[in-house]
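Colleague: Before anything else, here's the structure in question.
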Amino acid sequence: MKKPLFTGAGVAIVTPMNPDGSINYPKLGELIDFQVDGGTDAIITCGTTGESATMTHEEHVEVIRYTVERVGGRIPVIAGTGSNDTDYAVKLSVEAEKLGVDGLLVVTPYYNKTSQRGLVRHFTSIADSVNIPIILYNIPSRTGVTIKPETFAELCKHPNIVADKEASGNISAVAQIKALCGDELAVYSGNDDQIVPMLSLGGSGVISVLSNILPRQTHDICQLFFEGKTAESAKLQLELLDLINALFMDVNPIPVKDAMNLMGMEVGECRMPLLTMDDKQKQALAAVLKKHGLTA
């Protein structure tokens with residue numbers, strides 16, 4: 001049985017930007033402290049929500065370094081190090097390990113894609129290069145590639161491959177993954193609207209966008225479930241469903257950054273080609289935030 005990197009709600013943390021588009025490190029420090037103080041169970045940096053796709057290599061490494069130092073061992077830090085170039089993913093993963101992260105989040109190869117056999121070779125090459133746990137990131141809507149349950153069953157034989165961030169939206173596939181892999185592969189929901197369904201199939205928690213604005217409540221959805229208070233967990237999930245949906249009314253992380261700015265958190269805009277939402281969308285988002293008492 002492999003030990004999960006964390007149980008509960010890990011935040012897929014945004015990367016705050018200055019008006020000129022550079023990374024706002026003091027603000028990132030504030031966000032990290034807000035998460036730790038708010039009960040978040042892990043920080044996942046340089047993922048999709050963190051806009052890793054538009055970071056330079058130097059920025060990617062520096063954000064990881066800064067996050068590890070700011071967290072200071074209070075909770076686990078997991079760094080996104082995936083790429084559609086296997087050699088680069090290996091290089092970045094090795095660097096992240098040297099920087100002191102507790103684990104890696106490695107997305108499926110995008111754009112050039114690959115076969116299931118190619119996925120096994122790709123992920124195994126990365127796992128062989130490090131000595132820390134790896135979470136595979138299955139998000140076919142962004143990558144055009146799906147890791148099949150049978151492929152997870154093969155990959156989880158590797159001692160360093162410990163979990164799946166599952167963002168396919170396919171609950172039936174999750175059931176099959178857990179049936180095939182059991183305790184050799186933890187599963188985290190990659191979708192905030194499916195936390196409780198994932199937990200009911202033996203999931204270990206969520207890697208969450210919602211946690212950026214509601215760390216305590218997202219943590220509580222998981223904790224209540226783990227305590228056997230499943231009805232209360234589901235009730236909280238459903239109470240937050242309109243907010244969760246609002247945070248995905250446009251491409252992530254556009255809405256969550258707009259939400260944080262409306263809440264006065266001043267995280268800046270996304271880097272191009274992502275644009276802030278139009279006025280109509282912002283008004284709809286603002287109404288949901290106000291309903292939940294997050295804005296005046």
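By order of appearance in the structure tokens: chains A, B, ..., then residues from 1 within every chain, and ligands from 1 in the order shown.
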Counting only C-alpha atoms, what is within 8 Å of Thr7 of chain A, bar same-chain residues fewer than 6 positions away, as a PyMOL selection string?

Modeller: chain A and resi 41+204-205

Colleague: Would you save the residues from that selection as a CSV table (one decimal), in the first residue's frame, using N, CA and C atoms?

Modeller:
```csv
chain,number,residue,atom,x,y,z
A,41,ASP,N,-4.7,21.5,2.6
A,41,ASP,CA,-3.9,20.3,2.9
A,41,ASP,C,-2.6,20.2,2.1
A,204,SER,N,-9.0,10.2,-2.5
A,204,SER,CA,-8.2,10.7,-1.4
A,204,SER,C,-8.4,12.2,-1.2
A,205,GLY,N,-9.1,12.9,-2.1
A,205,GLY,CA,-9.4,14.3,-1.9
A,205,GLY,C,-9.5,15.0,-3.3
```

Colleague: As a ChimeraX atom specification, list the residues of segment 71-117 of chain A assigned to helix (DSSP H, G or I) by DSSP on the backbone atoms of this structure.

Modeller: /A:71,86-99,116-117

Colleague: At a cut-off of 9 Å, using only C-alpha atoms, what residues contact segment 70-77 of chain A? Leave out same-chain residues fewer than 5 positions from it and give the result as a ChimeraX atom specification.

Modeller: /A:5-6,10,29,32-33,36,40-45,64-65,100-104

Colleague: Could the residues in this selection be saved with all heavy atoms as a compact mmCIF listing (two decimals), in the first residue's frame?

Modeller:
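The resulting file, selection31.txt, is reproduced below:
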```txt
# COMPACT_ATOMS: atom_id res chain seq x y z
N LEU A 5 0.25 11.37 -0.95
CA LEU A 5 1.00 12.59 -0.67
C LEU A 5 0.26 13.47 0.32
O LEU A 5 0.86 14.13 1.16
CB LEU A 5 1.21 13.36 -1.98
CG LEU A 5 2.54 13.19 -2.69
CD1 LEU A 5 2.48 13.73 -4.09
CD2 LEU A 5 3.65 13.87 -1.90
N PHE A 6 -1.05 13.49 0.19
CA PHE A 6 -1.90 14.22 1.14
C PHE A 6 -3.30 13.67 1.03
O PHE A 6 -3.65 13.00 0.05
CB PHE A 6 -1.90 15.74 0.85
CG PHE A 6 -2.64 16.13 -0.41
CD1 PHE A 6 -3.97 16.53 -0.38
CD2 PHE A 6 -1.99 16.10 -1.65
CE1 PHE A 6 -4.65 16.88 -1.54
CE2 PHE A 6 -2.66 16.45 -2.82
CZ PHE A 6 -4.00 16.85 -2.75
N GLY A 10 -6.15 19.97 -1.73
CA GLY A 10 -4.96 20.70 -2.14
C GLY A 10 -5.36 21.80 -3.10
O GLY A 10 -6.22 21.60 -3.96
N GLY A 29 3.34 35.12 -1.89
CA GLY A 29 3.58 34.79 -0.49
C GLY A 29 2.33 34.97 0.35
O GLY A 29 2.02 34.13 1.22
N ILE A 32 -0.06 32.09 -0.36
CA ILE A 32 0.39 30.85 0.27
C ILE A 32 0.02 30.85 1.76
O ILE A 32 -0.51 29.87 2.28
CB ILE A 32 1.90 30.66 0.07
CG1 ILE A 32 2.20 30.35 -1.40
CG2 ILE A 32 2.45 29.56 0.98
CD1 ILE A 32 3.68 30.42 -1.77
N ASP A 33 0.27 31.96 2.43
CA ASP A 33 -0.05 32.04 3.86
C ASP A 33 -1.56 31.95 4.08
O ASP A 33 -2.02 31.33 5.04
CB ASP A 33 0.49 33.34 4.45
CG ASP A 33 2.01 33.35 4.54
OD1 ASP A 33 2.63 32.27 4.42
OD2 ASP A 33 2.58 34.45 4.70
N VAL A 36 -2.44 28.23 3.81
CA VAL A 36 -1.99 27.44 4.97
C VAL A 36 -2.85 27.76 6.18
O VAL A 36 -3.33 26.87 6.89
CB VAL A 36 -0.50 27.68 5.26
CG1 VAL A 36 -0.08 26.95 6.53
CG2 VAL A 36 0.36 27.21 4.08
N THR A 40 -5.85 24.54 4.04
CA THR A 40 -5.53 23.76 2.84
C THR A 40 -4.52 22.66 3.18
O THR A 40 -3.61 22.86 3.98
CB THR A 40 -4.96 24.68 1.74
OG1 THR A 40 -6.03 25.47 1.21
CG2 THR A 40 -4.33 23.91 0.62
N ASP A 41 -4.71 21.50 2.56
CA ASP A 41 -3.90 20.33 2.91
C ASP A 41 -2.63 20.19 2.07
O ASP A 41 -1.74 19.41 2.43
CB ASP A 41 -4.75 19.07 2.78
CG ASP A 41 -5.94 19.11 3.73
OD1 ASP A 41 -5.72 19.03 4.95
OD2 ASP A 41 -7.08 19.25 3.26
N ALA A 42 -2.52 20.92 0.97
CA ALA A 42 -1.32 20.88 0.13
C ALA A 42 -1.37 22.05 -0.84
O ALA A 42 -2.45 22.54 -1.19
CB ALA A 42 -1.22 19.57 -0.65
N ILE A 43 -0.20 22.50 -1.27
CA ILE A 43 -0.09 23.54 -2.29
C ILE A 43 0.39 22.88 -3.57
O ILE A 43 1.44 22.23 -3.59
CB ILE A 43 0.92 24.64 -1.89
CG1 ILE A 43 0.52 25.30 -0.57
CG2 ILE A 43 1.08 25.66 -3.02
CD1 ILE A 43 -0.56 26.33 -0.66
N ILE A 44 -0.37 23.06 -4.65
CA ILE A 44 0.05 22.56 -5.95
C ILE A 44 0.38 23.78 -6.80
O ILE A 44 -0.51 24.58 -7.15
CB ILE A 44 -1.05 21.69 -6.62
CG1 ILE A 44 -1.26 20.40 -5.82
CG2 ILE A 44 -0.62 21.32 -8.04
CD1 ILE A 44 -2.19 20.52 -4.65
N THR A 45 1.64 23.96 -7.10
CA THR A 45 2.11 25.15 -7.81
C THR A 45 2.51 24.81 -9.24
O THR A 45 2.88 23.66 -9.54
CB THR A 45 3.30 25.79 -7.05
OG1 THR A 45 3.61 27.04 -7.66
CG2 THR A 45 4.54 24.89 -7.08
N ILE A 64 8.63 27.65 -8.07
CA ILE A 64 8.74 26.45 -7.24
C ILE A 64 9.63 26.72 -6.04
O ILE A 64 9.28 26.41 -4.89
CB ILE A 64 9.28 25.26 -8.05
CG1 ILE A 64 8.28 24.86 -9.15
CG2 ILE A 64 9.58 24.07 -7.14
CD1 ILE A 64 8.83 23.85 -10.15
N ARG A 65 10.79 27.31 -6.29
CA ARG A 65 11.73 27.61 -5.19
C ARG A 65 11.07 28.50 -4.15
O ARG A 65 11.13 28.24 -2.94
CB ARG A 65 12.98 28.30 -5.74
CG ARG A 65 14.05 28.56 -4.67
CD ARG A 65 15.04 29.64 -5.09
NE ARG A 65 14.38 30.94 -5.23
CZ ARG A 65 14.02 31.71 -4.20
NH1 ARG A 65 14.24 31.32 -2.96
NH2 ARG A 65 13.43 32.87 -4.41
N GLY A 100 13.34 20.86 -3.34
CA GLY A 100 12.74 20.42 -2.09
C GLY A 100 11.25 20.18 -2.10
O GLY A 100 10.64 20.11 -1.02
N VAL A 101 10.65 20.03 -3.28
CA VAL A 101 9.22 19.74 -3.30
C VAL A 101 8.94 18.35 -2.73
O VAL A 101 9.81 17.48 -2.72
CB VAL A 101 8.63 19.85 -4.73
CG1 VAL A 101 8.81 21.25 -5.29
CG2 VAL A 101 9.23 18.81 -5.66
N ASP A 102 7.71 18.16 -2.28
CA ASP A 102 7.32 16.87 -1.71
C ASP A 102 6.83 15.90 -2.77
O ASP A 102 6.81 14.68 -2.54
CB ASP A 102 6.22 17.08 -0.68
CG ASP A 102 6.70 17.94 0.49
OD1 ASP A 102 7.41 17.41 1.35
OD2 ASP A 102 6.38 19.14 0.50
N GLY A 103 6.42 16.42 -3.91
CA GLY A 103 5.93 15.57 -4.99
C GLY A 103 5.78 16.36 -6.27
O GLY A 103 5.95 17.59 -6.30
N LEU A 104 5.44 15.64 -7.33
CA LEU A 104 5.32 16.23 -8.66
C LEU A 104 3.93 15.95 -9.22
O LEU A 104 3.34 14.91 -8.97
CB LEU A 104 6.36 15.65 -9.61
CG LEU A 104 7.82 15.73 -9.16
CD1 LEU A 104 8.71 14.96 -10.14
CD2 LEU A 104 8.28 17.18 -9.05
```

Colleague: With segment 273-292 of chain A as the partner and 12 Å as the cut-off, tabulate the residues of segment 5-103 of chain A that qualify, each row holding the nearest pair of atoms and their distance in Å to one decimal, using only C-alpha atoms, sorted by chain and rising number, as a tab-separated table.

Modeller:
```
residue	atom	partner	partner_atom	distance
A:Thr49	CA	A:Leu274	CA	11.7
A:Glu51	CA	A:Leu274	CA	9.7
A:Ala53	CA	A:Pro273	CA	10.6
A:Thr54	CA	A:Pro273	CA	9.0
```

Colleague: Take the residues from that selection and write them out as a short mmCIF file (atom, residue, chain, number, x, y, z; two decimals), in the first residue's frame, keeping N, CA and C atoms.

Modeller:
```
data_model
loop_
_atom_site.label_atom_id
_atom_site.label_comp_id
_atom_site.auth_asym_id
_atom_site.auth_seq_id
_atom_site.Cartn_x
_atom_site.Cartn_y
_atom_site.Cartn_z
N THR A 49 -3.85 26.00 -13.35
CA THR A 49 -4.36 27.21 -12.69
C THR A 49 -3.24 28.19 -12.43
N GLU A 51 -0.85 28.83 -14.47
CA GLU A 51 -0.40 29.35 -15.77
C GLU A 51 1.02 28.93 -16.13
N ALA A 53 1.91 27.15 -18.44
CA ALA A 53 2.10 27.09 -19.90
C ALA A 53 2.73 28.35 -20.47
N THR A 54 2.61 29.49 -19.76
CA THR A 54 3.20 30.74 -20.27
C THR A 54 4.38 31.20 -19.42
#
```

Colleague: Excluding Val107 of chain A and its own-chain neighbours fewer than 5 positions away, which residues fall within 12 Å of it when counting only C-alpha atoms? Please give them as number ranges by chain.

Modeller: A: 46-48, 52-53, 79-86, 89, 93, 113, 119, 122-123, 126, 134-147, 163-167, 190

Colleague: Any chance you can output those residues with C-alpha atoms as a compact mmCIF listing (two decimals), in the first residue's frame?

Modeller:
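Saved as result-v2.txt:
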```
# COMPACT_ATOMS: atom_id res chain seq x y z
CA CYS A 46 2.83 25.66 -11.50
CA GLY A 47 -0.19 23.71 -12.68
CA THR A 48 -2.87 24.72 -15.16
CA SER A 52 2.70 27.22 -16.15
CA ALA A 53 2.10 27.09 -19.90
CA ALA A 79 5.07 21.12 -8.38
CA GLY A 80 3.75 20.79 -11.89
CA THR A 81 6.60 19.56 -14.08
CA GLY A 82 4.81 17.99 -17.03
CA SER A 83 5.60 18.63 -20.67
CA ASN A 84 4.93 17.14 -24.08
CA ASP A 85 8.71 16.79 -24.37
CA THR A 86 9.80 13.84 -22.22
CA ALA A 89 9.79 16.95 -18.23
CA SER A 93 11.26 17.17 -12.47
CA LYS A 113 -0.10 13.25 -28.13
CA LEU A 119 2.33 7.15 -22.08
CA HIS A 122 6.90 8.77 -20.96
CA PHE A 123 5.75 8.58 -17.35
CA ILE A 126 10.09 10.72 -15.51
CA ILE A 134 4.39 11.57 -8.70
CA ILE A 135 0.74 12.40 -9.35
CA LEU A 136 -0.30 11.74 -12.94
CA TYR A 137 -2.66 14.38 -14.35
CA ASN A 138 -5.38 13.03 -16.62
CA ILE A 139 -7.14 15.95 -18.33
CA PRO A 140 -8.13 14.93 -21.87
CA SER A 141 -10.13 18.12 -22.54
CA ARG A 142 -6.86 20.09 -22.54
CA THR A 143 -4.38 17.53 -23.81
CA GLY A 144 -6.32 15.39 -26.27
CA VAL A 145 -4.97 12.27 -24.52
CA THR A 146 -6.71 9.98 -22.02
CA ILE A 147 -4.89 7.64 -19.68
CA ALA A 163 -1.71 9.06 -7.57
CA ASP A 164 -3.99 10.30 -10.34
CA LYS A 165 -5.44 13.79 -10.57
CA GLU A 166 -8.53 12.77 -12.48
CA ALA A 167 -10.11 15.55 -14.53
CA GLY A 190 -9.56 17.37 -10.64
```

Colleague: Which residue, A:Ser211, A:Asn245, A:Thr295, A:Thr230, has the smallest gap to Ala12 of chain A when you use only C-alpha atoms?

Modeller: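 Closest residue, counting only C-alpha atoms: A:Ser211.
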
Colleague: Between A:Leu201, A:Val120, A:Leu214, A:Ile207, which residue has the minimum interatomic distance to Ile78 of chain A, considering only C-alpha atoms?

Modeller: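 Nearest to Ile78 of chain A: A:Ile207.
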
Colleague: From the options A:Glu95, A:Asp87, A:Ile213, A:Pro26, which residue's atoms come nearest to His57 of chain A, counting only C-alpha atoms?

Modeller: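 Using only C-alpha atoms, the shortest distance to His57 of chain A belongs to A:Glu95.
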
Colleague: Given the choices A:Gln35, A:Ala179, A:Lys3, A:Asp193, which gets closest to Ile161 of chain A if the distance is worked out from only C-alpha atoms?

Modeller: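 Among the listed residues, the smallest separation from Ile161 of chain A belongs to A:Lys3.
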
Colleague: So how far away is atom CA of Asn160 of chain A from atom CA of Pro4 of chain A, in Å?

Modeller: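 Atom-to-atom, atom CA of Pro4 of chain A to atom CA of Asn160 of chain A, that is 11.1 Å.
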
Colleague: Find the residues near segment 19-23 of chain A: any atom within 8 Å, counting only C-alpha atoms, skip ones fewer than 4 places away on the same chain, and give them as a short mmCIF file (atom, residue, chain, number, x, y, z; two decimals) with C-alpha atoms, in the first residue's frame.

Modeller:
```
data_model
loop_
_atom_site.label_atom_id
_atom_site.label_comp_id
_atom_site.auth_asym_id
_atom_site.auth_seq_id
_atom_site.Cartn_x
_atom_site.Cartn_y
_atom_site.Cartn_z
CA THR A 15 0.20 32.72 -9.96
CA GLY A 268 -3.68 40.58 -11.55
CA GLU A 269 -4.82 39.28 -14.90
CA ARG A 271 -1.13 36.15 -19.35
#
```

Colleague: Restricting the calculation to only C-alpha atoms, which member of A:Lys98, A:Lys157, A:Lys27, A:His60 is positioned closest to Ala127 of chain A?

Modeller: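 The closest residue to Ala127 of chain A is A:Lys157.
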
Colleague: Have a look at A:Ile132, A:Asp242, A:Gln116, A:Thr124 and name the one nearest to Ala96 of chain A; count only C-alpha atoms.

Modeller: A:Ile132

Colleague: As an exercise, work out the distance from atom CA of Val61 of chain A to atom CA of Pro215 of chain A in Å and give it to one decimal place.

Modeller: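 Interatomic distance here is 25.2 Å.
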
Colleague: What's the separation between atom CA of Gly8 of chain A and atom CA of Asp192 of chain A, in Å to one decimal place?

Modeller: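 So the two atoms, atom CA of Gly8 of chain A and atom CA of Asp192 of chain A, lie 12.3 Å apart.
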
Colleague: Would you pick out the contacts of Pro149 of chain A at 12 Å or less, using only C-alpha atoms, so that residues sharing its chain but fewer than 2 positions from it are not included, and give the list as a JSON list (two decimals) with N, CA and C atoms, in the first residue's frame?

Modeller:
```json
[["chain", "number", "residue", "atom", "x", "y", "z"],
["A", 116, "GLN", "N", -1.06, 4.71, -25.72],
["A", 116, "GLN", "CA", -1.00, 4.26, -24.33],
["A", 116, "GLN", "C", 0.38, 3.70, -24.02],
["A", 138, "ASN", "N", -4.58, 13.49, -15.48],
["A", 138, "ASN", "CA", -5.38, 13.03, -16.62],
["A", 138, "ASN", "C", -6.45, 14.07, -16.94],
["A", 146, "THR", "N", -6.12, 10.57, -23.22],
["A", 146, "THR", "CA", -6.71, 9.98, -22.02],
["A", 146, "THR", "C", -5.86, 8.81, -21.55],
["A", 147, "ILE", "N", -5.55, 8.80, -20.26],
["A", 147, "ILE", "CA", -4.89, 7.64, -19.68],
["A", 147, "ILE", "C", -5.98, 6.61, -19.36],
["A", 151, "THR", "N", -3.96, 1.36, -18.34],
["A", 151, "THR", "CA", -2.64, 2.00, -18.35],
["A", 151, "THR", "C", -2.26, 2.47, -16.96],
["A", 152, "PHE", "N", -3.23, 2.98, -16.21],
["A", 152, "PHE", "CA", -2.97, 3.31, -14.80],
["A", 152, "PHE", "C", -2.53, 2.07, -14.03],
["A", 153, "ALA", "N", -3.17, 0.94, -14.33],
["A", 153, "ALA", "CA", -2.83, -0.31, -13.63],
["A", 153, "ALA", "C", -1.38, -0.70, -13.89],
["A", 154, "GLU", "N", -0.89, -0.42, -15.07],
["A", 154, "GLU", "CA", 0.50, -0.70, -15.39],
["A", 154, "GLU", "C", 1.42, 0.32, -14.73],
["A", 155, "LEU", "N", 1.05, 1.60, -14.80],
["A", 155, "LEU", "CA", 1.90, 2.66, -14.28],
["A", 155, "LEU", "C", 2.03, 2.62, -12.76],
["A", 156, "CYS", "N", 0.96, 2.22, -12.07],
["A", 156, "CYS", "CA", 1.02, 2.26, -10.60],
["A", 156, "CYS", "C", 1.93, 1.18, -10.02],
["A", 164, "ASP", "N", -3.39, 9.78, -9.11],
["A", 164, "ASP", "CA", -3.99, 10.30, -10.34],
["A", 164, "ASP", "C", -4.81, 11.53, -9.98],
["A", 166, "GLU", "N", -7.61, 13.22, -11.45],
["A", 166, "GLU", "CA", -8.53, 12.77, -12.48],
["A", 166, "GLU", "C", -9.50, 13.90, -12.85],
["A", 168, "SER", "N", -11.05, 13.90, -16.03],
["A", 168, "SER", "CA", -11.76, 13.47, -17.24],
["A", 168, "SER", "C", -13.26, 13.69, -17.11],
["A", 170, "ASN", "N", -15.16, 11.47, -15.97],
["A", 170, "ASN", "CA", -15.74, 10.14, -16.20],
["A", 170, "ASN", "C", -15.71, 9.33, -14.91],
["A", 171, "ILE", "N", -16.82, 9.36, -14.18],
["A", 171, "ILE", "CA", -16.89, 8.67, -12.90],
["A", 171, "ILE", "C", -16.77, 7.16, -13.08],
["A", 172, "SER", "N", -17.30, 6.63, -14.18],
["A", 172, "SER", "CA", -17.18, 5.19, -14.44],
["A", 172, "SER", "C", -15.72, 4.78, -14.58],
["A", 173, "ALA", "N", -14.93, 5.64, -15.23],
["A", 173, "ALA", "CA", -13.50, 5.34, -15.37],
["A", 173, "ALA", "C", -12.81, 5.36, -14.02],
["A", 174, "VAL", "N", -13.22, 6.27, -13.15],
["A", 174, "VAL", "CA", -12.64, 6.33, -11.80],
["A", 174, "VAL", "C", -12.90, 5.03, -11.05],
["A", 175, "ALA", "N", -14.13, 4.53, -11.16],
["A", 175, "ALA", "CA", -14.46, 3.26, -10.51],
["A", 175, "ALA", "C", -13.57, 2.14, -11.02],
["A", 176, "GLN", "N", -13.33, 2.13, -12.33],
["A", 176, "GLN", "CA", -12.50, 1.09, -12.92],
["A", 176, "GLN", "C", -11.04, 1.24, -12.48],
["A", 177, "ILE", "N", -10.56, 2.50, -12.41],
["A", 177, "ILE", "CA", -9.19, 2.75, -11.96],
["A", 177, "ILE", "C", -8.99, 2.23, -10.53],
["A", 178, "LYS", "N", -9.93, 2.56, -9.65],
["A", 178, "LYS", "CA", -9.81, 2.10, -8.26],
["A", 178, "LYS", "C", -9.93, 0.59, -8.16],
["A", 179, "ALA", "N", -10.79, 0.00, -8.99],
["A", 179, "ALA", "CA", -10.93, -1.46, -8.96],
["A", 179, "ALA", "C", -9.65, -2.15, -9.40],
["A", 180, "LEU", "N", -8.96, -1.58, -10.39],
["A", 180, "LEU", "CA", -7.74, -2.18, -10.92],
["A", 180, "LEU", "C", -6.52, -1.89, -10.06],
["A", 181, "CYS", "N", -6.47, -0.69, -9.47],
["A", 181, "CYS", "CA", -5.25, -0.24, -8.79],
["A", 181, "CYS", "C", -5.33, -0.32, -7.27],
["A", 182, "GLY", "N", -6.51, -0.26, -6.71],
["A", 182, "GLY", "CA", -6.66, -0.33, -5.27],
["A", 182, "GLY", "C", -5.84, 0.71, -4.54],
["A", 185, "LEU", "N", -2.76, 3.29, -5.96],
["A", 185, "LEU", "CA", -2.92, 4.56, -6.67],
["A", 185, "LEU", "C", -4.02, 5.37, -5.99],
["A", 187, "VAL", "N", -6.50, 8.56, -5.83],
["A", 187, "VAL", "CA", -7.18, 9.35, -6.85],
["A", 187, "VAL", "C", -7.68, 10.64, -6.23]]
```

Colleague: Can you pull out every residue from segment 112-210 of chain A that DSSP, working from the backbone, puts in strand (DSSP E), and format the result as a list of chain:residue names?

Modeller: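 DSSP on the backbone gives strand (DSSP E) at A:Ile134, A:Ile135, A:Leu136, A:Tyr137, A:Asn138, A:Ile161, A:Val162, A:Ala163, A:Asp164, A:Lys165, A:Glu166, A:Ala186, A:Val187, A:Tyr188, A:Ser189, A:Gly205, A:Val206, A:Ile207, A:Ser208.
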